[in-house]
$ cat final-v3.pdb   # PDB, C-alpha atoms and all ligand atoms
MODEL        1
ATOM      1  CA  MET A1279      17.750  20.471   2.938
ATOM      2  CA  MET A1280      19.733  20.785  -0.296
ATOM      3  CA  ILE A1281      18.001  19.974  -3.565
ATOM      4  CA  SER A1282      20.551  17.214  -4.248
ATOM      5  CA  GLN A1283      19.622  15.563  -0.915
ATOM      6  CA  LEU A1284      15.932  15.749  -1.805
ATOM      7  CA  GLU A1285      16.624  13.825  -4.982
ATOM      8  CA  THR A1286      18.631  10.993  -3.376
ATOM      9  CA  MET A1287      16.975   7.658  -4.108
ATOM     10  CA  ILE A1288      17.036   4.458  -2.033
ATOM     11  CA  ALA A1289      16.142   0.915  -3.083
ATOM     12  CA  VAL A1290      13.658  -0.746  -0.727
ATOM     13  CA  PRO A1291      12.427  -4.322  -0.201
ATOM     14  CA  CYS A1292       8.738  -5.247  -0.276
ATOM     15  CA  ASP A1293       7.029  -3.784   2.818
ATOM     16  CA  LEU A1294       4.421  -6.545   2.890
ATOM     17  CA  CYS A1295       6.670  -9.658   2.811
ATOM     18  CA  ARG A1296      10.202  -8.172   3.068
ATOM     19  CA  SER A1297      11.333  -9.930  -0.111
ATOM     20  CA  PRO A1298      14.100  -8.066  -1.972
ATOM     21  CA  THR A1299      13.193  -9.576  -5.352
ATOM     22  CA  HIS A1300      10.834  -7.795  -7.707
ATOM     23  CA  GLU A1301      10.224  -7.192 -11.392
ATOM     24  CA  ALA A1302      10.051  -3.763 -12.988
ATOM     25  CA  LEU A1303       6.635  -2.865 -14.417
ATOM     26  CA  PHE A1304       7.365   0.579 -15.897
ATOM     27  CA  ILE A1305       9.127   3.848 -15.186
ATOM     28  CA  LYS A1306       7.088   7.043 -14.857
ATOM     29  CA  GLU A1307       8.594  10.491 -14.339
ATOM     30  CA  GLY A1308      11.835   8.773 -13.314
ATOM     31  CA  PHE A1309      10.181   6.496 -10.736
ATOM     32  CA  ARG A1310      10.471   2.752 -11.196
ATOM     33  CA  HIS A1311       7.270   0.895 -10.333
ATOM     34  CA  VAL A1312       7.880  -2.749  -9.406
ATOM     35  CA  ARG A1313       5.926  -5.856  -8.401
ATOM     36  CA  CYS A1314       7.208  -8.135  -5.614
ATOM     37  CA  LEU A1315       7.920 -11.584  -7.050
ATOM     38  CA  ASN A1316       6.957 -13.208  -3.760
ATOM     39  CA  CYS A1317       3.645 -11.607  -2.757
ATOM     40  CA  GLY A1318       2.592  -9.418  -5.722
ATOM     41  CA  MET A1319       2.747  -6.061  -3.900
ATOM     42  CA  VAL A1320       3.278  -3.120  -6.290
ATOM     43  CA  PHE A1321       5.508  -0.302  -5.037
ATOM     44  CA  VAL A1322       8.077   2.300  -6.043
ATOM     45  CA  SER A1323      11.739   1.313  -5.750
ATOM     46  CA  PRO A1324      14.052   3.090  -5.585
ATOM     47  CA  ARG A1325      12.118   5.894  -3.943
ATOM     48  CA  LEU A1326      13.095   9.317  -2.642
ATOM     49  CA  ALA A1327      15.145   8.991   0.545
ATOM     50  CA  ALA A1328      13.509  12.195   1.779
ATOM     51  CA  HIS A1329       9.996  10.886   1.087
ATOM     52  CA  ARG A1330       8.680  11.547   4.590
ATOM     53  CA  GLU A1331      10.284  14.974   4.785
ATOM     54  CA  ILE A1332       8.541  15.871   1.533
ATOM     55  CA  GLN A1333       5.237  14.609   2.989
ATOM     56  CA  ARG A1334       5.793  16.910   5.958
ATOM     57  CA  GLN A1335       6.578  19.986   3.935
ATOM     58  CA  SER A1336       4.734  19.740   0.693
ATOM     59  CA  GLY A1337       2.891  16.427   0.459
ATOM     60  CA  THR A1338      -0.642  16.391  -0.795
ATOM     61  CA  GLY A1339      -2.161  15.522   2.584
ATOM     62  CA  ALA A1340      -3.839  18.894   2.993
ATOM     63  CA  MET A1341      -5.063  19.254  -0.536
ATOM     64  CA  GLY A1342      -8.753  19.066  -1.008
ATOM     65  CA  ASP A1343     -11.707  21.320  -0.780
ATOM     66  CA  ASP A1344     -11.769  24.692   0.955
ATOM     67  CA  GLU A1345     -15.420  24.173   1.721
ATOM     68  CA  LEU A1346     -17.535  21.049   1.561
ATOM     69  CA  THR A1347     -20.703  20.994  -0.482
ATOM     70  CA  PRO A1348     -23.909  19.843   1.246
ATOM     71  CA  ALA A1349     -23.621  16.595  -0.742
ATOM     72  CA  GLN A1350     -20.080  15.991   0.549
ATOM     73  CA  ARG A1351     -21.233  16.580   4.125
ATOM     74  CA  ARG A1352     -24.114  14.160   3.628
ATOM     75  CA  ARG A1353     -21.630  11.577   2.365
ATOM     76  CA  LEU A1354     -19.472  11.987   5.489
ATOM     77  CA  ARG A1355     -22.539  11.681   7.724
ATOM     78  CA  ARG A1356     -23.556   8.521   5.868
ATOM     79  CA  GLU A1357     -20.059   7.131   6.382
ATOM     80  CA  LEU A1358     -20.271   7.903  10.102
ATOM     81  CA  LYS A1359     -23.248   5.550  10.412
ATOM     82  CA  LEU A1360     -20.848   2.700   9.640
ATOM     83  CA  TYR A1361     -18.871   3.488  12.809
ATOM     84  CA  GLU A1362     -21.930   3.616  15.088
ATOM     85  CA  PRO A1363     -22.124  -0.128  15.936
ATOM     86  CA  PHE A1364     -18.476   0.053  17.052
ATOM     87  CA  ARG A1365     -18.968   2.983  19.459
ATOM     88  CA  LYS A1366     -18.158   1.756  22.967
ATOM     89  CA  GLN A1367     -15.452   4.028  24.325
ATOM     90  CA  ASN A1368     -16.597   6.855  22.043
ATOM     91  CA  ARG A1369     -13.135   7.402  20.576
ATOM     92  CA  LEU A1370     -12.387   7.763  16.859
ATOM     93  CA  LEU A1371      -8.947   8.260  15.282
ATOM     94  CA  GLU A1372      -8.209   9.471  11.768
ATOM     95  CA  VAL A1373      -4.712   8.683  10.487
ATOM     96  CA  GLY A1374      -3.941  11.453   7.997
ATOM     97  CA  ALA A1375      -6.672  13.839   9.096
ATOM     98  CA  GLY A1376      -6.027  16.332   6.262
ATOM     99  CA  ARG A1377      -8.158  19.418   6.750
ATOM    100  CA  GLY A1378     -10.266  17.665   9.389
ATOM    101  CA  TRP A1379     -13.578  17.619   7.551
ATOM    102  CA  PHE A1380     -14.417  14.063   8.580
ATOM    103  CA  LEU A1381     -13.458  14.511  12.225
ATOM    104  CA  GLU A1382     -15.461  17.718  12.423
ATOM    105  CA  GLU A1383     -18.582  15.838  11.337
ATOM    106  CA  ALA A1384     -17.749  13.043  13.795
ATOM    107  CA  ALA A1385     -17.375  15.534  16.655
ATOM    108  CA  GLN A1386     -20.824  16.909  15.826
ATOM    109  CA  LYS A1387     -22.154  13.387  16.327
ATOM    110  CA  GLY A1388     -20.621  13.295  19.785
ATOM    111  CA  TRP A1389     -17.408  11.353  19.082
ATOM    112  CA  GLU A1390     -14.208  12.194  20.925
ATOM    113  CA  THR A1391     -12.011  12.771  17.873
ATOM    114  CA  TRP A1392      -8.280  12.202  17.460
ATOM    115  CA  GLY A1393      -6.331  13.218  14.374
ATOM    116  CA  LEU A1394      -2.865  12.116  13.312
ATOM    117  CA  GLU A1395      -1.094  14.314  10.767
ATOM    118  CA  ILE A1396       2.395  15.431   9.765
ATOM    119  CA  ASN A1397       1.784  17.684   6.769
ATOM    120  CA  SER A1398       2.453  21.286   7.764
ATOM    121  CA  CYS A1399      -0.296  22.700   5.566
ATOM    122  CA  ALA A1400      -2.865  20.247   6.976
ATOM    123  CA  LEU A1401      -1.727  21.059  10.511
ATOM    124  CA  HIS A1402      -2.397  24.737   9.844
ATOM    125  CA  TYR A1403      -6.079  23.865   9.281
ATOM    126  CA  LEU A1404      -6.352  21.216  11.993
ATOM    127  CA  ARG A1405      -5.041  23.528  14.722
ATOM    128  CA  LYS A1406      -8.069  25.760  14.155
ATOM    129  CA  ARG A1407     -10.469  22.928  14.906
ATOM    130  CA  ARG A1408     -10.893  22.886  18.663
ATOM    131  CA  SER A1409     -12.826  19.610  18.696
ATOM    132  CA  ILE A1410      -9.885  17.504  17.447
ATOM    133  CA  HIS A1411      -7.161  16.072  19.688
ATOM    134  CA  LEU A1412      -4.201  16.524  17.401
ATOM    135  CA  VAL A1413      -1.164  14.196  17.339
ATOM    136  CA  VAL A1414       1.783  15.261  15.171
ATOM    137  CA  GLU A1415       3.453  11.930  14.436
ATOM    138  CA  ALA A1416       4.011   9.724  11.416
ATOM    139  CA  ALA A1417       1.563   6.843  10.933
ATOM    140  CA  GLU A1418       4.397   4.336  11.308
ATOM    141  CA  ASP A1419       5.504   5.763  14.669
ATOM    142  CA  PHE A1420       2.486   6.872  16.681
ATOM    143  CA  ALA A1421       1.755   5.129  19.963
ATOM    144  CA  ALA A1422      -1.824   5.537  21.158
ATOM    145  CA  PRO A1423      -2.641   3.755  24.443
ATOM    146  CA  PRO A1424      -3.373   0.110  23.504
ATOM    147  CA  GLY A1425      -7.064  -0.591  22.992
ATOM    148  CA  SER A1426      -8.030   3.072  23.310
ATOM    149  CA  MET A1427      -9.860   3.538  19.981
ATOM    150  CA  ASP A1428     -13.177   2.145  18.761
ATOM    151  CA  ALA A1429     -12.407   2.881  15.140
ATOM    152  CA  VAL A1430      -9.633   4.191  12.900
ATOM    153  CA  ARG A1431     -10.116   5.846   9.515
ATOM    154  CA  MET A1432      -7.329   6.007   6.896
ATOM    155  CA  TRP A1433      -8.586   7.869   3.847
ATOM    156  CA  ASP A1434      -6.268   7.996   0.829
ATOM    157  CA  VAL A1435      -3.277   7.774   3.147
ATOM    158  CA  ILE A1436      -1.839   4.259   3.031
ATOM    159  CA  GLU A1437      -0.470   4.685  -0.518
ATOM    160  CA  HIS A1438       1.706   7.568   0.756
ATOM    161  CA  LEU A1439       3.308   5.654   3.636
ATOM    162  CA  GLN A1440       6.851   4.314   3.692
ATOM    163  CA  SER A1441       5.632   1.312   5.673
ATOM    164  CA  PRO A1442       1.908   0.501   5.496
ATOM    165  CA  ARG A1443       2.745  -2.636   7.493
ATOM    166  CA  ALA A1444       4.219  -0.663  10.408
ATOM    167  CA  ALA A1445       1.287   1.784  10.327
ATOM    168  CA  LEU A1446      -1.321  -1.009  10.441
ATOM    169  CA  GLY A1447       0.584  -2.558  13.342
ATOM    170  CA  ARG A1448       0.168   0.755  15.222
ATOM    171  CA  VAL A1449      -3.494   0.942  14.247
ATOM    172  CA  TYR A1450      -4.077  -2.611  15.459
ATOM    173  CA  THR A1451      -2.546  -1.793  18.849
ATOM    174  CA  ALA A1452      -4.549   1.438  19.165
ATOM    175  CA  LEU A1453      -7.874  -0.326  18.472
ATOM    176  CA  ARG A1454      -9.823  -2.100  21.164
ATOM    177  CA  PRO A1455     -10.643  -5.780  20.501
ATOM    178  CA  GLY A1456     -13.578  -5.748  18.057
ATOM    179  CA  GLY A1457     -12.622  -2.260  16.802
ATOM    180  CA  LEU A1458     -12.945  -1.210  13.151
ATOM    181  CA  VAL A1459     -10.406   0.029  10.627
ATOM    182  CA  HIS A1460     -11.824   1.757   7.525
ATOM    183  CA  ILE A1461      -9.446   2.359   4.638
ATOM    184  CA  SER A1462      -9.702   4.004   1.243
ATOM    185  CA  THR A1463      -6.940   3.679  -1.331
ATOM    186  CA  THR A1464      -6.572   3.451  -5.080
ATOM    187  CA  ASN A1465      -6.853   0.104  -6.828
ATOM    188  CA  PHE A1466      -3.881  -0.821  -9.004
ATOM    189  CA  ALA A1467      -5.928  -3.728 -10.379
ATOM    190  CA  SER A1468      -8.667  -1.363 -11.599
ATOM    191  CA  LEU A1469     -10.101  -1.002 -15.071
ATOM    192  CA  SER A1470      -9.051   2.666 -15.235
ATOM    193  CA  ARG A1471      -5.414   1.737 -14.470
ATOM    194  CA  TRP A1472      -5.551  -0.999 -17.075
ATOM    195  CA  VAL A1473      -6.950   1.370 -19.717
ATOM    196  CA  ASN A1474      -4.552   4.239 -18.896
ATOM    197  CA  GLY A1475      -1.423   2.157 -18.265
ATOM    198  CA  PRO A1476       1.449   4.132 -16.733
ATOM    199  CA  GLU A1477      -0.429   7.388 -17.372
ATOM    200  CA  TRP A1478      -3.073   6.394 -14.804
ATOM    201  CA  VAL A1479      -3.981   9.402 -12.718
ATOM    202  CA  TYR A1480      -2.841   7.945  -9.397
ATOM    203  CA  LEU A1481       0.647   6.887 -10.448
ATOM    204  CA  ASN A1482       2.907   9.511  -8.968
ATOM    205  CA  GLY A1483       6.106   7.971  -7.666
ATOM    206  CA  SER A1484       7.169  10.889  -5.480
ATOM    207  CA  ASP A1485       3.935  10.619  -3.507
ATOM    208  CA  HIS A1486       2.093   7.326  -4.058
ATOM    209  CA  ILE A1487       4.736   4.729  -3.244
ATOM    210  CA  HIS A1488       2.521   1.715  -2.415
ATOM    211  CA  LEU A1489      -0.100   0.654  -4.961
ATOM    212  CA  PHE A1490      -2.521  -1.857  -3.484
ATOM    213  CA  GLU A1491      -4.883  -4.331  -5.100
ATOM    214  CA  PRO A1492      -7.694  -6.245  -3.369
ATOM    215  CA  SER A1493      -5.375  -9.239  -2.838
ATOM    216  CA  THR A1494      -2.467  -7.290  -1.335
ATOM    217  CA  ILE A1495      -4.525  -5.052   0.982
ATOM    218  CA  THR A1496      -6.319  -8.187   2.233
ATOM    219  CA  ALA A1497      -3.002  -9.970   2.823
ATOM    220  CA  LEU A1498      -1.597  -6.969   4.702
ATOM    221  CA  LEU A1499      -4.642  -6.669   6.976
ATOM    222  CA  ARG A1500      -4.679 -10.403   7.742
ATOM    223  CA  HIS A1501      -0.950 -10.325   8.422
ATOM    224  CA  SER A1502      -1.546  -7.424  10.841
ATOM    225  CA  GLY A1503      -4.042  -9.552  12.801
ATOM    226  CA  PHE A1504      -7.326  -8.216  11.399
ATOM    227  CA  HIS A1505     -10.208 -10.422  10.406
ATOM    228  CA  LEU A1506     -13.561  -9.914   8.662
ATOM    229  CA  VAL A1507     -11.678  -8.107   5.893
ATOM    230  CA  ARG A1508     -14.104  -6.739   3.300
ATOM    231  CA  VAL A1509     -12.974  -5.007   0.089
ATOM    232  CA  ARG A1510     -15.337  -3.102  -2.191
ATOM    233  CA  THR A1511     -14.408  -0.965  -5.178
ATOM    234  CA  ARG A1512     -16.121   1.892  -6.974
ATOM    235  CA  SER A1513     -15.712   4.451  -9.744
ATOM    236  CA  PHE A1514     -14.207   4.375 -13.149
ATOM    237  CA  ASN A1515     -12.520   7.413 -14.546
ATOM    238  CA  LEU A1516     -10.515   8.163 -17.609
ATOM    239  CA  ARG A1517      -8.990  11.363 -16.258
ATOM    240  CA  LYS A1518      -5.260  11.651 -16.394
ATOM    241  CA  LYS A1519      -5.099  14.891 -14.474
ATOM    242  CA  LEU A1520      -3.590  14.433 -11.045
ATOM    243  CA  TYR A1521      -4.276  16.870  -8.253
ATOM    244  CA  HIS A1522      -0.969  18.563  -9.041
ATOM    245  CA  PRO A1523      -2.024  21.029 -11.761
ATOM    246  CA  GLU A1524       1.477  21.029 -13.243
ATOM    247  CA  ARG A1525       1.273  17.309 -13.764
ATOM    248  CA  GLU A1526      -1.691  17.421 -16.084
ATOM    249  CA  LEU A1527      -1.137  15.059 -18.943
ATOM    250  CA  PRO A1528      -2.712  15.333 -22.379
ATOM    251  CA  SER A1529      -5.969  13.453 -22.603
ATOM    252  CA  SER A1530      -6.126  10.689 -25.130
ATOM    253  CA  TRP A1531      -8.869   8.875 -26.890
ATOM    254  CA  SER A1532     -10.149   5.718 -25.257
ATOM    255  CA  PRO A1533     -12.562   3.232 -26.816
ATOM    256  CA  LEU A1534     -14.311   3.095 -23.424
ATOM    257  CA  ARG A1535     -15.062   6.839 -23.249
ATOM    258  CA  PRO A1536     -18.633   6.612 -24.654
ATOM    259  CA  LEU A1537     -19.377   3.907 -22.086
ATOM    260  CA  ARG A1538     -17.820   5.777 -19.171
ATOM    261  CA  LYS A1539     -21.084   6.584 -17.395
ATOM    262  CA  ILE A1540     -22.481   3.071 -17.641
ATOM    263  CA  ILE A1541     -19.209   1.555 -16.429
ATOM    264  CA  ASP A1542     -19.044   4.044 -13.571
ATOM    265  CA  GLU A1543     -22.469   2.994 -12.360
ATOM    266  CA  THR A1544     -21.897  -0.745 -12.616
ATOM    267  CA  ILE A1545     -18.263  -1.179 -11.653
ATOM    268  CA  ARG A1546     -19.057  -1.109  -7.941
ATOM    269  CA  PHE A1547     -20.494  -4.600  -8.371
ATOM    270  CA  THR A1548     -17.016  -5.813  -9.369
ATOM    271  CA  CYS A1549     -13.503  -5.593  -7.902
ATOM    272  CA  TYR A1550     -12.262  -3.333 -10.754
ATOM    273  CA  GLY A1551     -13.267   0.152  -9.564
ATOM    274  CA  HIS A1552     -10.431   2.632  -9.074
ATOM    275  CA  GLN A1553     -11.198   3.357  -5.414
ATOM    276  CA  MET A1554     -10.950   0.501  -2.909
ATOM    277  CA  ILE A1555     -12.904   0.838   0.306
ATOM    278  CA  VAL A1556     -11.842  -1.669   2.913
ATOM    279  CA  THR A1557     -13.154  -2.555   6.353
ATOM    280  CA  ALA A1558     -11.576  -4.962   8.829
ATOM    281  CA  VAL A1559     -12.039  -5.767  12.480
ATOM    282  CA  LYS A1560      -9.551  -6.405  15.268
ATOM    283  CA  SER A1561     -10.069  -9.915  16.637
ATOM    284  CA  GLY A1562     -11.126 -10.727  20.155
ATOM    285  CA  ASP A1563     -14.259  -8.722  21.007
TER     286      ASP A1563
HETATM  287 ZN    ZN B   1       6.254  -8.996  -1.169
ENDMDL
END
$ encode --input "final-v3.pdb" --output "structure tokens"
Amino acid sequence: MMISQLETMIAVPCDLCRSPTHEALFIKEGFRHVRCLNCGMVFVSPRLAAHREIQRQSGTGAMGDDELTPAQRRRLRRELKLYEPFRKQNRLLEVGAGRGWFLEEAAQKGWETWGLEINSCALHYLRKRRSIHLVVEAAEDFAAPPGSMDAVRMWDVIEHLQSPRAALGRVYTALRPGGLVHISTTNFASLSRWVNGPEWVYLNGSDHIHLFEPSTITALLRHSGFHLVRVRTRSFNLRKKLYHPERELPSSWSPLRPLRKIIDETIRFTCYGHQMIVTAVKSGD
């Protein structure tokens, strides 16, 4: 692909409600961030026409740790306990499996594990993990047998997708009635975004093209047919360094810096943490 093709931009309507009308919030690194005037969804428009191709070749899906610390493994094992009450067919799918750390832990607990991934670097790691049934398809396009999965995990993935709505439709079909979806994404309505403004660490218009808030992720899940939607948030950070080292921005003084630790420990009791963790259940168990 030519560089000029990679830079072609296309205007898009709101993925959540299809409305074409939105207001511009700010422009960062050439990417216009907008809010839908109908439903409040925040997204990037216009966005790179080659967005998915970039996700395949050089997206950040495979970035992360080379090795997990014992504490990180304990955290994954704790998370797995959440899936236990939903284990009936013993099948677990991760959309955006990355390096496969989570699915590896799940396999050790006896789950039949399925991983969906398109990023070539992530696939390089996943192909070495014999325990994972690997599916190389985009989240918006995959077609698992209906009702085949007990649970689906989407960890820091939905903000990268061209159509979160299409992907959740696929997830809903793949889940059995009563199955669980477990999502992590950044919170545009967080205190750290409010303090940092457009410099907020997670605003990266070539990569993060859908910025959810508790209200919009809830609306999307309900629209997709899920119920028992539960949104929690956690963490407060003042970092401006994104995981692309070349994108590191100068740090600036914030009046909240001395209080950072206290806020970090208490923000999980509010809806203003920068990470949203969402669970929802497919109706009809
Ligand atoms: Zn909308």
$ resolve_selection --input "final-v3.pdb" --expression "the PyMOL selection byres (((chain A and resi 1431) around 10) and not hetatm)" --output "list in words"
Tyr1361, Leu1370, Leu1371, Glu1372, Val1373, Gly1374, Ala1375, Phe1380, Leu1381, Gly1393, Ala1429, Val1430, Met1432, Trp1433, Asp1434, Val1435, Val1449, Leu1458, Val1459, His1460, Ile1461, Ser1462 and Thr1557 of chain A
$ write_last_selection --input "final-v3.pdb" --atoms "C-alpha atoms" --output "compact mmCIF listing (two decimals), in the coordinates of the input"
# COMPACT_ATOMS: atom_id res chain seq x y z
CA TYR A 1361 -18.87 3.49 12.81
CA LEU A 1370 -12.39 7.76 16.86
CA LEU A 1371 -8.95 8.26 15.28
CA GLU A 1372 -8.21 9.47 11.77
CA VAL A 1373 -4.71 8.68 10.49
CA GLY A 1374 -3.94 11.45 8.00
CA ALA A 1375 -6.67 13.84 9.10
CA PHE A 1380 -14.42 14.06 8.58
CA LEU A 1381 -13.46 14.51 12.22
CA GLY A 1393 -6.33 13.22 14.37
CA ALA A 1429 -12.41 2.88 15.14
CA VAL A 1430 -9.63 4.19 12.90
CA MET A 1432 -7.33 6.01 6.90
CA TRP A 1433 -8.59 7.87 3.85
CA ASP A 1434 -6.27 8.00 0.83
CA VAL A 1435 -3.28 7.77 3.15
CA VAL A 1449 -3.49 0.94 14.25
CA LEU A 1458 -12.94 -1.21 13.15
CA VAL A 1459 -10.41 0.03 10.63
CA HIS A 1460 -11.82 1.76 7.52
CA ILE A 1461 -9.45 2.36 4.64
CA SER A 1462 -9.70 4.00 1.24
CA THR A 1557 -13.15 -2.56 6.35
$ closest_residue --input "final-v3.pdb" --among "A:Thr1286, A:Thr1451, A:Ser1468, A:Thr1494" --to "A:Phe1321" --atoms "only C-alpha atoms"
A:Thr1494
$ resolve_selection --input "final-v3.pdb" --expression "the PyMOL selection byres (((chain A and resi 1404) around 12) and not hetatm)" --output "mmCIF file with C-alpha atoms, in the coordinates of the input"
data_model
loop_
_atom_site.group_PDB
_atom_site.id
_atom_site.type_symbol
_atom_site.label_atom_id
_atom_site.label_comp_id
_atom_site.auth_asym_id
_atom_site.auth_seq_id
_atom_site.Cartn_x
_atom_site.Cartn_y
_atom_site.Cartn_z
ATOM 1 C CA GLY A 1339 -2.161 15.522 2.584
ATOM 2 C CA ALA A 1340 -3.839 18.894 2.993
ATOM 3 C CA GLU A 1372 -8.209 9.471 11.768
ATOM 4 C CA GLY A 1374 -3.941 11.453 7.997
ATOM 5 C CA ALA A 1375 -6.672 13.839 9.096
ATOM 6 C CA GLY A 1376 -6.027 16.332 6.262
ATOM 7 C CA ARG A 1377 -8.158 19.418 6.750
ATOM 8 C CA GLY A 1378 -10.266 17.665 9.389
ATOM 9 C CA TRP A 1379 -13.578 17.619 7.551
ATOM 10 C CA PHE A 1380 -14.417 14.063 8.580
ATOM 11 C CA LEU A 1381 -13.458 14.511 12.225
ATOM 12 C CA GLU A 1382 -15.461 17.718 12.423
ATOM 13 C CA THR A 1391 -12.011 12.771 17.873
ATOM 14 C CA TRP A 1392 -8.280 12.202 17.460
ATOM 15 C CA GLY A 1393 -6.331 13.218 14.374
ATOM 16 C CA LEU A 1394 -2.865 12.116 13.312
ATOM 17 C CA GLU A 1395 -1.094 14.314 10.767
ATOM 18 C CA ILE A 1396 2.395 15.431 9.765
ATOM 19 C CA ASN A 1397 1.784 17.684 6.769
ATOM 20 C CA SER A 1398 2.453 21.286 7.764
ATOM 21 C CA CYS A 1399 -0.296 22.700 5.566
ATOM 22 C CA ALA A 1400 -2.865 20.247 6.976
ATOM 23 C CA LEU A 1401 -1.727 21.059 10.511
ATOM 24 C CA HIS A 1402 -2.397 24.737 9.844
ATOM 25 C CA TYR A 1403 -6.079 23.865 9.281
ATOM 26 C CA ARG A 1405 -5.041 23.528 14.722
ATOM 27 C CA LYS A 1406 -8.069 25.760 14.155
ATOM 28 C CA ARG A 1407 -10.469 22.928 14.906
ATOM 29 C CA ARG A 1408 -10.893 22.886 18.663
ATOM 30 C CA SER A 1409 -12.826 19.610 18.696
ATOM 31 C CA ILE A 1410 -9.885 17.504 17.447
ATOM 32 C CA HIS A 1411 -7.161 16.072 19.688
ATOM 33 C CA LEU A 1412 -4.201 16.524 17.401
ATOM 34 C CA VAL A 1413 -1.164 14.196 17.339
ATOM 35 C CA VAL A 1414 1.783 15.261 15.171
#
$ resolve_selection --input "final-v3.pdb" --expression "the PyMOL selection byres (((chain A and resi 1484) around 10) and not hetatm)" --output "NGL selection string"
:A and (1285 or 1307-1309 or 1322 or 1325-1326 or 1328-1329 or 1332-1333 or 1337 or 1438 or 1481-1483 or 1485-1487)
$ atom_distance --input "final-v3.pdb" --atom1 "atom CA of A:Leu1358" --atom2 "atom CA of A:Phe1490"
24.4 Å
$ closest_residue --input "final-v3.pdb" --among "A:Leu1537, A:Ala1289, A:Ala1445, A:Ile1495" --to "A:Asp1419" --atoms "all atoms listed in the file"
A:Ala1445
$ residues_near_point --input "final-v3.pdb" --point "(-20.7, -1.9, 15.6)" --cutoff "12 Å" --atoms "all atoms listed in the file" --output "list in words"
Leu1358, Lys1359, Leu1360, Tyr1361, Glu1362, Pro1363, Phe1364, Arg1365, Lys1366, Gln1367, Asn1368, Asp1428, Ala1429, Pro1455, Gly1456, Gly1457, Leu1458, Val1459, Thr1557, Ala1558, Val1559 and Asp1563 of chain A
$ residues_near_ligand --input "final-v3.pdb" --ligand "ligand ZN 1 (chain B)" --cutoff "8 Å" --atoms "all atoms listed in the file" --output "ChimeraX atom specification"
/A:1291-1298,1313-1319
$ atom_distance --input "final-v3.pdb" --atom1 "atom CA of A:Phe1504" --atom2 "atom CA of A:Leu1453"
10.6 Å
$ atom_distance --input "final-v3.pdb" --atom1 "atom CA of A:Val1290" --atom2 "atom CA of A:Ser1323"
5.8 Å
$ residues_around --input "final-v3.pdb" --residues "A:Phe1420" --least-positions-apart "4" --cutoff "8 Å" --atoms "all atoms listed in the file" --output "VMD selection string"
chain A and resid 1415 to 1416 1448
$ residues_around --input "final-v3.pdb" --residues "stretch 1540-1547 of chain A" --least-positions-apart "5" --cutoff "7 Å" --atoms "all atoms listed in the file" --output "number ranges by chain"
A: 1511-1514
$ closest_residue --input "final-v3.pdb" --among "A:Thr1548, A:Asn1474, A:Asn1465, A:Ser1561" --to "A:Leu1499" --atoms "only C-alpha atoms"
A:Ser1561
$ closest_residue --input "final-v3.pdb" --among "A:His1311, A:Arg1443, A:Lys1560, A:Arg1454" --to "A:Ser1426" --atoms "only C-alpha atoms"
A:Arg1454
